[in-house]
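J.: Structure: data_13.cif, mmCIF, C-alpha atoms (C1' of nucleotides).
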```
data_input
loop_
_atom_site.label_atom_id
_atom_site.label_comp_id
_atom_site.auth_asym_id
_atom_site.auth_seq_id
_atom_site.Cartn_x
_atom_site.Cartn_y
_atom_site.Cartn_z
CA MET A 22 -4.06 133.66 171.82
CA ALA A 23 -2.96 132.83 175.37
CA ARG A 24 0.74 133.26 175.97
CA ALA A 25 2.83 130.30 176.94
CA GLY A 26 4.91 132.21 179.44
CA LEU A 27 8.31 131.29 178.14
CA THR A 28 11.46 132.38 179.90
CA PRO A 29 15.05 131.19 179.52
CA ASP A 30 14.70 129.43 182.84
CA ARG A 31 11.48 127.64 182.07
CA LEU A 32 12.93 126.55 178.74
CA ALA A 33 16.00 125.12 180.41
CA ARG A 34 13.94 123.28 183.00
CA ALA A 35 11.51 121.89 180.44
CA GLY A 36 14.46 120.98 178.25
CA ALA A 37 15.92 118.99 181.12
CA GLU A 38 12.68 117.05 181.53
CA LEU A 39 12.50 116.48 177.82
CA ALA A 40 16.07 115.19 177.84
CA ASP A 41 15.13 112.52 180.37
CA GLU A 42 12.22 111.47 178.20
CA ILE A 43 13.68 111.44 174.71
CA GLY A 44 17.44 111.65 175.24
CA PHE A 45 19.61 114.71 175.51
CA ASP A 46 20.71 114.84 171.91
CA GLN A 47 17.15 114.73 170.68
CA VAL A 48 16.47 117.93 172.59
CA SER A 49 16.33 120.84 170.18
CA PRO A 50 14.56 124.16 169.78
CA SER A 51 12.21 122.33 167.50
CA ALA A 52 11.32 119.56 169.99
CA LEU A 53 10.98 122.01 172.83
CA ALA A 54 8.68 124.31 170.85
CA ARG A 55 6.46 121.33 170.11
CA ARG A 56 6.23 120.58 173.81
CA PHE A 57 5.18 124.14 174.61
CA GLY A 58 2.74 124.23 171.72
CA VAL A 59 4.53 127.21 170.31
CA GLN A 60 6.21 128.09 167.03
CA VAL A 61 9.91 127.31 166.88
CA ALA A 62 10.93 130.87 166.12
CA SER A 63 9.39 132.02 169.39
CA LEU A 64 12.12 130.33 171.38
CA TYR A 65 14.74 132.52 169.81
CA ALA A 66 13.52 135.46 171.81
CA HIS A 67 14.62 133.69 175.01
CA VAL A 68 17.53 131.53 173.95
CA ARG A 69 20.29 132.32 171.47
CA GLY A 70 19.99 129.03 169.63
CA ALA A 71 20.36 125.28 169.94
CA HIS A 72 23.80 125.46 171.51
CA ASP A 73 22.70 128.01 174.07
CA LEU A 74 19.66 125.90 174.93
CA ARG A 75 21.75 122.78 175.49
CA SER A 76 24.26 124.72 177.56
CA ARG A 77 21.49 125.95 179.81
CA ILE A 78 20.22 122.42 180.29
CA ALA A 79 23.74 121.34 181.17
CA GLN A 80 23.81 124.10 183.73
CA VAL A 81 20.56 122.91 185.30
CA ALA A 82 21.93 119.39 185.59
CA LEU A 83 25.28 120.46 187.03
CA ASP A 84 23.56 122.65 189.60
CA GLU A 85 21.10 119.97 190.63
CA MET A 86 23.87 117.46 191.09
CA ALA A 87 25.96 119.88 193.09
CA ASP A 88 22.98 120.65 195.32
CA ARG A 89 22.38 116.99 195.99
CA ALA A 90 26.05 116.42 196.66
CA SER A 91 26.20 119.33 199.08
CA GLU A 92 23.35 117.93 201.04
CA ALA A 93 24.70 114.39 201.01
CA LEU A 94 28.11 115.43 202.29
CA ALA A 95 26.81 117.40 205.24
CA GLY A 96 27.90 115.64 208.42
CA ARG A 97 29.80 112.87 206.69
CA ALA A 98 33.52 112.26 206.42
CA GLY A 99 35.99 109.69 205.19
CA ARG A 100 34.62 106.55 203.66
CA ASP A 101 31.05 107.60 204.37
CA ALA A 102 31.49 110.81 202.47
CA LEU A 103 33.15 109.02 199.57
CA VAL A 104 30.34 106.51 199.27
CA ALA A 105 27.72 109.21 199.61
CA LEU A 106 29.22 111.39 196.89
CA ALA A 107 29.57 108.45 194.57
CA ALA A 108 25.94 107.52 195.19
CA VAL A 109 24.76 111.02 194.42
CA TYR A 110 26.28 110.98 190.95
CA ARG A 111 25.33 107.43 190.13
CA ASP A 112 21.76 107.76 191.37
CA TYR A 113 21.30 111.03 189.60
CA ALA A 114 22.49 109.48 186.35
CA ARG A 115 20.06 106.61 186.71
CA GLU A 116 17.10 108.76 187.67
CA HIS A 117 17.84 111.38 185.05
CA PRO A 118 19.86 109.90 182.20
CA GLY A 119 19.05 112.79 179.89
CA ARG A 120 20.08 115.41 182.40
CA TYR A 121 23.22 113.44 183.18
CA ALA A 122 24.11 113.34 179.50
CA ALA A 123 23.50 117.08 179.42
CA SER A 124 26.00 117.56 182.23
CA GLN A 125 28.68 116.14 179.93
CA TYR A 126 27.89 118.67 177.22
CA ARG A 127 30.98 120.55 176.13
CA VAL A 128 30.35 124.03 177.31
CA ASP A 129 32.48 126.94 176.17
CA PRO A 130 34.94 128.62 178.50
CA GLY A 131 33.55 131.69 180.18
CA SER A 132 30.13 130.13 180.62
CA PRO A 133 28.66 129.87 184.13
CA ALA A 134 28.93 126.09 183.81
CA VAL A 135 32.64 126.49 184.42
CA ASP A 136 31.78 127.70 187.92
CA ALA A 137 29.56 124.68 188.40
CA GLY A 138 32.54 122.54 187.47
CA ARG A 139 34.59 124.28 190.12
CA ARG A 140 31.83 123.67 192.63
CA HIS A 141 32.02 119.94 191.95
CA SER A 142 35.79 120.01 192.42
CA GLU A 143 35.33 121.67 195.77
CA LEU A 144 32.83 119.05 196.85
CA THR A 145 35.29 116.34 195.98
CA ARG A 146 37.97 118.23 197.86
CA ALA A 147 35.67 118.22 200.86
CA VAL A 148 35.50 114.44 200.73
CA LEU A 149 39.27 114.28 200.67
CA ARG A 150 39.58 116.32 203.85
CA GLY A 151 38.94 113.06 205.67
CA TYR A 152 42.04 111.51 204.12
CA ASN A 153 44.69 114.08 204.93
CA LEU A 154 46.32 114.40 201.56
CA ASP A 155 48.56 117.35 200.85
CA GLU A 156 49.15 119.00 197.51
CA PRO A 157 49.69 117.97 194.82
CA ALA A 158 48.33 114.58 195.83
CA GLN A 159 45.00 116.16 196.68
CA THR A 160 44.53 117.51 193.18
CA ASP A 161 45.62 114.18 191.75
CA ALA A 162 43.03 112.47 193.90
CA ILE A 163 40.28 114.90 192.86
CA ARG A 164 41.07 114.09 189.26
CA LEU A 165 41.14 110.40 189.94
CA LEU A 166 37.75 110.46 191.63
CA GLY A 167 36.20 112.66 188.98
CA SER A 168 37.53 110.45 186.22
CA LEU A 169 36.43 107.27 187.93
CA PHE A 170 32.90 108.45 188.66
CA ASN A 171 32.38 109.90 185.21
CA GLY A 172 33.95 106.91 183.55
CA TYR A 173 32.08 104.27 185.50
CA ILE A 174 28.72 105.93 185.06
CA GLY A 175 29.35 106.48 181.38
CA LEU A 176 30.26 102.87 180.75
CA GLU A 177 27.41 101.61 182.90
CA LEU A 178 24.84 103.77 181.14
CA GLY A 179 26.28 102.65 177.82
CA GLY A 180 25.61 99.06 178.78
CA SER A 181 29.24 97.98 178.94
CA PHE A 182 28.70 96.18 182.24
CA ALA A 183 25.40 94.57 181.37
CA HIS A 184 25.23 90.88 180.56
CA THR A 185 28.37 90.11 182.54
CA SER A 186 28.80 88.94 186.04
CA PRO A 187 29.29 90.29 188.63
CA SER A 188 26.59 92.88 188.21
CA SER A 189 27.48 96.51 188.10
CA ASP A 190 25.73 96.97 191.45
CA GLU A 191 28.09 94.48 193.05
CA SER A 192 31.27 95.87 191.53
CA TRP A 193 30.61 99.45 192.49
CA PRO A 194 30.88 99.18 196.30
CA ARG A 195 33.92 96.96 196.03
CA ILE A 196 35.60 99.46 193.77
CA LEU A 197 34.77 102.21 196.24
CA ASP A 198 36.28 100.11 199.03
CA ALA A 199 39.44 99.75 197.02
CA ILE A 200 39.55 103.49 196.37
CA ASP A 201 38.94 104.24 200.03
CA SER A 202 41.89 102.09 200.90
CA LEU A 203 43.96 103.75 198.19
CA LEU A 204 43.18 107.18 199.59
CA ARG A 205 44.00 106.13 203.14
CA ASN A 206 47.41 104.88 202.03
CA TRP A 207 48.15 107.37 199.27
CA THR A 208 51.51 108.52 200.61
CA LYS A 209 52.66 104.97 201.18
CA SER A 210 51.96 104.10 197.56
CA MET B 29 32.25 110.57 134.96
CA ALA B 30 35.05 108.71 136.74
CA ARG B 31 33.89 106.64 139.67
CA ALA B 32 34.98 107.53 143.12
CA GLY B 33 35.47 103.92 144.19
CA LEU B 34 33.35 104.02 147.30
CA THR B 35 33.09 101.03 149.59
CA PRO B 36 31.80 100.77 153.14
CA ASP B 37 35.38 100.39 154.29
CA ARG B 38 36.74 103.41 152.47
CA LEU B 39 33.85 105.46 153.75
CA ALA B 40 34.55 104.43 157.32
CA ARG B 41 38.24 105.19 156.98
CA ALA B 42 37.67 108.55 155.32
CA GLY B 43 35.03 109.29 157.93
CA ALA B 44 37.59 108.64 160.64
CA GLU B 45 40.01 111.10 159.07
CA LEU B 46 37.24 113.62 158.67
CA ALA B 47 36.32 113.19 162.33
CA ASP B 48 39.84 114.15 163.38
CA GLU B 49 39.64 117.24 161.20
CA ILE B 50 36.19 118.61 161.90
CA GLY B 51 35.02 116.71 164.98
CA PHE B 52 33.14 113.45 165.16
CA ASP B 53 29.68 114.90 165.47
CA GLN B 54 30.16 117.02 162.39
CA VAL B 55 30.74 113.86 160.38
CA SER B 56 27.65 113.07 158.35
CA PRO B 57 26.73 111.49 155.04
CA SER B 58 26.55 115.01 153.72
CA ALA B 59 30.04 116.04 154.83
CA LEU B 60 31.55 112.79 153.66
CA ALA B 61 29.92 113.05 150.23
CA ARG B 62 31.40 116.52 149.86
CA ARG B 63 34.83 115.15 150.61
CA PHE B 64 34.49 112.45 147.97
CA GLY B 65 33.06 114.89 145.45
CA VAL B 66 29.98 112.75 145.14
CA GLN B 67 26.25 113.23 145.56
CA VAL B 68 24.95 112.48 149.03
CA ALA B 69 22.51 109.85 147.86
CA SER B 70 25.40 107.82 146.46
CA LEU B 71 26.60 106.96 149.93
CA TYR B 72 23.37 105.19 150.69
CA ALA B 73 24.37 102.38 148.43
CA HIS B 74 27.26 101.54 150.77
CA VAL B 75 26.05 102.62 154.16
CA ARG B 76 22.57 102.34 155.65
CA GLY B 77 22.48 105.91 156.91
CA ALA B 78 24.08 108.38 159.27
CA HIS B 79 23.91 106.05 162.26
CA ASP B 80 25.45 103.18 160.34
CA LEU B 81 28.23 105.44 159.09
CA ARG B 82 29.07 106.64 162.59
CA SER B 83 29.00 103.10 163.93
CA ARG B 84 31.49 102.02 161.30
CA ILE B 85 33.80 104.87 162.23
CA ALA B 86 33.51 103.84 165.86
CA GLN B 87 34.51 100.36 164.81
CA VAL B 88 37.59 101.65 162.98
CA ALA B 89 38.67 103.57 166.08
CA LEU B 90 38.06 100.69 168.48
CA ASP B 91 40.02 98.31 166.25
CA GLU B 92 42.93 100.69 165.82
CA MET B 93 43.16 101.22 169.55
CA ALA B 94 43.01 97.52 170.25
CA ASP B 95 45.77 96.88 167.69
CA ARG B 96 48.00 99.47 169.31
CA ALA B 97 47.27 98.09 172.74
CA SER B 98 48.05 94.56 171.62
CA GLU B 99 51.40 95.63 170.34
CA ALA B 100 52.19 97.74 173.37
CA LEU B 101 51.46 94.94 175.81
CA ALA B 102 53.65 92.37 174.10
CA GLY B 103 56.52 91.50 176.43
CA ARG B 104 55.38 93.75 179.25
CA ALA B 105 53.89 92.90 182.60
CA GLY B 106 52.87 94.51 185.87
CA ARG B 107 53.40 98.21 186.23
CA ASP B 108 55.05 98.44 182.81
CA ALA B 109 52.05 96.93 181.15
CA LEU B 110 49.67 99.19 183.06
CA VAL B 111 51.56 102.33 182.07
CA ALA B 112 51.85 101.16 178.47
CA LEU B 113 48.15 100.44 178.12
CA ALA B 114 47.24 103.76 179.67
CA ALA B 115 49.60 105.53 177.28
CA VAL B 116 48.07 103.83 174.27
CA TYR B 117 44.61 105.17 175.03
CA ARG B 118 45.73 108.61 176.05
CA ASP B 119 48.08 109.08 173.12
CA TYR B 120 45.50 107.82 170.69
CA ALA B 121 42.97 110.28 172.02
CA ARG B 122 45.39 113.16 171.64
CA GLU B 123 46.55 112.18 168.17
CA HIS B 124 43.04 111.40 166.96
CA PRO B 125 40.46 113.26 169.00
CA GLY B 126 37.76 112.70 166.41
CA ARG B 127 38.37 108.99 166.22
CA TYR B 128 38.50 108.79 170.00
CA ALA B 129 35.15 110.55 170.23
CA ALA B 130 33.87 108.04 167.70
CA SER B 131 34.96 105.17 169.93
CA GLN B 132 32.54 106.45 172.56
CA TYR B 133 29.64 106.37 170.14
CA ARG B 134 26.75 104.36 171.53
CA VAL B 135 26.60 101.37 169.28
CA ASP B 136 23.63 99.04 169.32
CA PRO B 137 23.88 95.55 170.77
CA GLY B 138 24.62 92.90 168.20
CA SER B 139 26.98 95.16 166.29
CA PRO B 140 30.57 93.98 165.72
CA ALA B 141 31.69 96.85 167.94
CA VAL B 142 30.54 94.77 170.88
CA ASP B 143 33.29 92.29 170.03
CA ALA B 144 35.79 95.13 169.90
CA GLY B 145 34.65 96.05 173.39
CA ARG B 146 35.32 92.51 174.53
CA ARG B 147 38.76 92.67 172.95
CA HIS B 148 39.57 95.74 175.04
CA SER B 149 38.40 93.96 178.17
CA GLU B 150 40.68 91.07 177.39
CA LEU B 151 43.64 93.39 176.92
CA THR B 152 42.98 94.92 180.30
CA ARG B 153 42.67 91.43 181.74
CA ALA B 154 46.10 90.68 180.31
CA VAL B 155 47.55 93.62 182.21
CA LEU B 156 46.01 92.30 185.39
CA ARG B 157 47.71 88.93 185.02
CA GLY B 158 50.74 90.60 186.53
CA TYR B 159 48.81 91.39 189.70
CA ASN B 160 47.39 88.00 190.59
CA LEU B 161 43.81 88.98 191.26
CA ASP B 162 41.17 86.31 191.39
CA GLU B 163 37.53 86.68 190.47
CA PRO B 164 35.49 88.69 191.09
CA ALA B 165 38.21 91.19 191.97
CA GLN B 166 39.65 90.84 188.50
CA THR B 167 36.42 91.95 186.84
CA ASP B 168 36.11 94.77 189.34
CA ALA B 169 39.61 95.87 188.47
CA ILE B 170 38.93 95.72 184.73
CA ARG B 171 35.95 97.99 185.26
CA LEU B 172 37.94 100.31 187.45
CA LEU B 173 40.70 100.67 184.88
CA GLY B 174 38.30 101.11 181.99
CA SER B 175 36.35 103.73 183.88
CA LEU B 176 39.43 105.58 184.97
CA PHE B 177 41.04 105.68 181.52
CA ASN B 178 37.84 106.71 179.79
CA GLY B 179 37.00 109.21 182.45
CA TYR B 180 40.39 110.83 182.67
CA ILE B 181 40.76 111.17 178.93
CA GLY B 182 37.26 112.52 178.58
CA LEU B 183 37.78 115.19 181.21
CA GLU B 184 41.22 116.06 179.88
CA LEU B 185 39.97 116.44 176.32
CA GLY B 186 37.09 118.51 177.61
CA GLY B 187 39.53 120.91 179.17
CA SER B 188 38.60 120.19 182.77
CA PHE B 189 42.25 119.92 183.80
CA ALA B 190 43.52 122.89 181.85
CA HIS B 191 44.35 126.14 183.61
CA THR B 192 45.02 124.40 186.91
CA SER B 193 48.19 123.19 188.43
CA PRO B 194 49.59 120.56 188.47
CA SER B 195 49.33 119.93 184.76
CA SER B 196 47.46 116.95 183.51
CA ASP B 197 50.76 115.47 182.31
CA GLU B 198 52.08 115.52 185.86
CA SER B 199 48.99 114.08 187.49
CA TRP B 200 48.64 111.17 185.13
CA PRO B 201 51.79 109.17 186.07
CA ARG B 202 51.17 109.77 189.75
CA ILE B 203 47.65 108.49 189.43
CA LEU B 204 48.95 105.44 187.62
CA ASP B 205 51.43 104.86 190.42
CA ALA B 206 48.63 104.99 192.92
CA ILE B 207 46.59 102.54 190.88
CA ASP B 208 49.56 100.22 190.51
CA SER B 209 49.91 100.18 194.24
CA LEU B 210 46.19 99.62 194.65
CA LEU B 211 46.30 96.62 192.34
CA ARG B 212 49.30 95.14 194.13
CA ASN B 213 47.46 95.33 197.44
CA TRP B 214 43.91 94.71 196.28
CA THR B 215 43.16 91.82 198.63
CA LYS B 216 44.53 93.67 201.60
CA SER B 217 42.16 96.57 201.01
"C1'" DT C 21 -7.31 155.47 177.55
"C1'" DC C 22 -3.23 155.33 174.93
"C1'" DG C 23 1.47 154.20 173.81
"C1'" DT C 24 5.11 151.14 174.29
"C1'" DT C 25 7.25 147.01 175.26
"C1'" DT C 26 7.32 142.32 174.81
"C1'" DG C 27 5.69 137.76 173.41
"C1'" DC C 28 4.46 135.02 169.99
"C1'" DC C 29 3.35 134.64 165.05
"C1'" DT C 30 4.14 133.85 159.76
"C1'" DA C 31 7.42 133.54 156.13
"C1'" DA C 32 11.44 132.17 154.12
"C1'" DA C 33 16.31 130.63 153.32
"C1'" DG C 34 19.51 127.12 153.84
"C1'" DC C 35 21.09 122.97 155.65
"C1'" DC C 36 20.66 117.82 156.55
"C1'" DT C 37 18.74 112.85 155.91
"C1'" DT C 38 16.52 109.53 153.41
"C1'" DT C 39 13.92 107.24 149.57
"C1'" DA C 40 12.76 106.35 144.62
"C1'" DG C 41 13.99 105.76 140.32
"C1'" DG C 42 17.07 106.66 136.17
"C1'" DT C 43 21.56 106.43 133.68
"C1'" DT C 44 26.24 105.08 133.03
"C1'" DT C 45 30.32 102.32 133.76
"C1'" DG C 46 33.09 98.50 133.45
"C1'" DC C 47 33.66 93.67 133.94
"C1'" DA C 48 32.54 88.69 132.45
"C1'" DC C 49 31.84 86.09 128.90
"C1'" DA C 50 30.79 84.68 124.26
"C1'" DT D 1 35.45 92.50 119.65
"C1'" DG D 2 30.89 93.00 120.94
"C1'" DT D 3 27.02 92.33 124.39
"C1'" DG D 4 24.62 91.91 128.76
"C1'" DC D 5 24.28 92.80 133.42
"C1'" DA D 6 25.26 94.26 138.07
"C1'" DA D 7 27.11 97.83 140.32
"C1'" DA D 8 28.09 102.61 140.99
"C1'" DC D 9 26.67 107.04 140.72
"C1'" DC D 10 23.14 110.53 139.40
"C1'" DT D 11 18.78 113.64 139.65
"C1'" DA D 12 14.61 114.68 142.05
"C1'" DA D 13 11.88 115.24 145.82
"C1'" DA D 14 9.86 114.95 150.55
"C1'" DG D 15 10.34 116.20 155.12
"C1'" DG D 16 12.83 117.84 159.24
"C1'" DC D 17 15.87 121.09 161.68
"C1'" DT D 18 18.03 125.91 162.62
"C1'" DT D 19 18.07 130.57 162.20
"C1'" DT D 20 16.80 135.37 160.68
"C1'" DA D 21 13.42 139.09 159.49
"C1'" DG D 22 9.51 141.40 160.11
"C1'" DG D 23 4.39 141.71 161.74
"C1'" DC D 24 0.34 141.57 164.95
"C1'" DA D 25 -1.49 141.62 169.50
"C1'" DA D 26 -1.46 141.33 174.46
"C1'" DA D 27 -0.12 143.26 178.78
"C1'" DC D 28 1.50 147.00 181.45
"C1'" DG D 29 2.68 151.80 182.90
"C1'" DA D 30 1.33 156.48 182.70
#
```
Any chance you could give the structure as structure tokens?
T.:
Amino acid sequence: MARAGLTPDRLARAGAELADEIGFDQVSPSALARRFGVQVASLYAHVRGAHDLRSRIAQVALDEMADRASEALAGRAGRDALVALAAVYRDYAREHPGRYAASQYRVDPGSPAVDAGRRHSELTRAVLRGYNLDEPAQTDAIRLLGSLFNGYIGLELGGSFAHTSPSSDESWPRILDAIDSLLRNWTKS
Amino acid sequence: MARAGLTPDRLARAGAELADEIGFDQVSPSALARRFGVQVASLYAHVRGAHDLRSRIAQVALDEMADRASEALAGRAGRDALVALAAVYRDYAREHPGRYAASQYRVDPGSPAVDAGRRHSELTRAVLRGYNLDEPAQTDAIRLLGSLFNGYIGLELGGSFAHTSPSSDESWPRILDAIDSLLRNWTKS
DNA sequence: TCGTTTGCCTAAAGCCTTTAGGTTTGCACA
DNA sequence: TGTGCAAACCTAAAGGCTTTAGGCAAACGA
């Protein structure tokens, strides 16, 4: 009987692919074992259980997004950086809806995903360097941007903006323009 | 054997309470039957299945929030209305985390929850009357506000803003101030 | 070559969802 | 006051998912 070569990492990566195909909340030890042609119980040697598996997939997604964001922000500042960061998240969510859903998975404190969260904060902070905000406005702005991106993508993926005009693609850049202007004039608000 | 007096409505309402107690995704036909002291199969006479049950709970939550918002907006305009609407959503989410989670449940097109969604849009549109935006900026602004509220509450409930200063309670009004200013100057952006 | 570790297996318990079909309850109406 | 009927609730059962326990065999070091 040839071995499948399972490792926690390969499981997480395959789980991420599976999430994009069948939806994150359909991903389970059971579904993943099927994909590897392996008995369900075999997964439990590599992963503590369903929750652990999903957390690892979340981690994969958060890391991938942070990597993309890092790359996109290199050499950009101000409005350019803002638009680029926004595009990274939105594009990632559209290319990989399952992984994006995974990134929203409630992960328990102490997990490495908390660090990934911090990494995303820092990337947003980098964007804000172009706007010269001082504390606490900078933290407020990080929260605003995080909320807006998450919220917009969530609603868009949920279909809230479909079947209404203007299209979501048209609204998005105009909203970013408005936010750019807001950030440039934050103190004067 | 005394009857429990089940109806689709009572099930949805009890499901909403249960969601606040044990978390929305723990709510299931099985859990609800336990609470009513009834066999699981009995629920299937009133509700088509787990998905239908959760959709009905989502509906309850969306309606309750819209009712509160309606009341809160009466007699308010401009910044007051904005702050009041934001408070309705945020307070509801904190008082009823399970119900709030339910309101995010992906509901299929054609369901009455779609109308509830429209009702929320209209309430946001009412807030914007105080800012004199014309189309398509008004739709953009509705989407911005919806995204921001949903996003902020989601992150806050997920603990993303805990353990960092300033507290979420401090950031929130400042963010609303910034948004108020943004809306007042939208065209000039 | 042999032992040991490790990877994957079978088996089984316990939970959940859903369907099928039976019994009882209580209301409408004679 | 009885009687019939629709509904409400029940038992039974199939099938899926998660998790634990213990067994066989493959790979690897000595």
J.: Please enumerate the residues selected by the PyMOL selection byres ((chain A) within 9 of (chain C)) when evaluated against the supplied file, formatted as a count of residues only.
T.: 10
J.: Just so the selection is clear, what residues does the PyMOL selection byres ((chain A) within 6 of (chain B)) cover here, as a VMD selection string?
T.: chain A and resid 161 168 to 169 171 to 173 192 199 202 to 203 210
J.: For the provided coordinates, the residues matched by the PyMOL selection byres ((chain A) within 12 of (chain D)) should be stated as a PDB file with C-alpha atoms, keeping the file's coordinate frame.
T.:
```pdb
ATOM      1  CA  MET A  22      -4.060 133.660 171.820  1.00  0.00           C
ATOM      2  CA  ALA A  23      -2.960 132.830 175.370  1.00  0.00           C
ATOM      3  CA  ARG A  24       0.740 133.260 175.970  1.00  0.00           C
ATOM      4  CA  GLN A  47      17.150 114.730 170.680  1.00  0.00           C
ATOM      5  CA  VAL A  48      16.470 117.930 172.590  1.00  0.00           C
ATOM      6  CA  SER A  49      16.330 120.840 170.180  1.00  0.00           C
ATOM      7  CA  PRO A  50      14.560 124.160 169.780  1.00  0.00           C
ATOM      8  CA  SER A  51      12.210 122.330 167.500  1.00  0.00           C
ATOM      9  CA  ALA A  52      11.320 119.560 169.990  1.00  0.00           C
ATOM     10  CA  VAL A  61       9.910 127.310 166.880  1.00  0.00           C
ATOM     11  CA  ALA A  62      10.930 130.870 166.120  1.00  0.00           C
ATOM     12  CA  SER A  63       9.390 132.020 169.390  1.00  0.00           C
ATOM     13  CA  LEU A  64      12.120 130.330 171.380  1.00  0.00           C
ATOM     14  CA  TYR A  65      14.740 132.520 169.810  1.00  0.00           C
ATOM     15  CA  ALA A  66      13.520 135.460 171.810  1.00  0.00           C
ATOM     16  CA  VAL A  68      17.530 131.530 173.950  1.00  0.00           C
ATOM     17  CA  ARG A  69      20.290 132.320 171.470  1.00  0.00           C
ATOM     18  CA  GLY A  70      19.990 129.030 169.630  1.00  0.00           C
ATOM     19  CA  ALA A  71      20.360 125.280 169.940  1.00  0.00           C
ATOM     20  CA  HIS A  72      23.800 125.460 171.510  1.00  0.00           C
TER      21      HIS A  72
END
```
J.: So the first atom is atom CA of Ala102 of chain B and the second is atom CA of Val116 of chain B; what is the distance between them in Å, to one decimal place?
T.: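 Interatomic distance here is 12.7 Å.
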J.: Could you work out how far atom CA of Asp48 of chain B lies from atom CA of Ser149 of chain B, giving the answer in Å with one decimal?
T.: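 Interatomic distance here is 25.1 Å.
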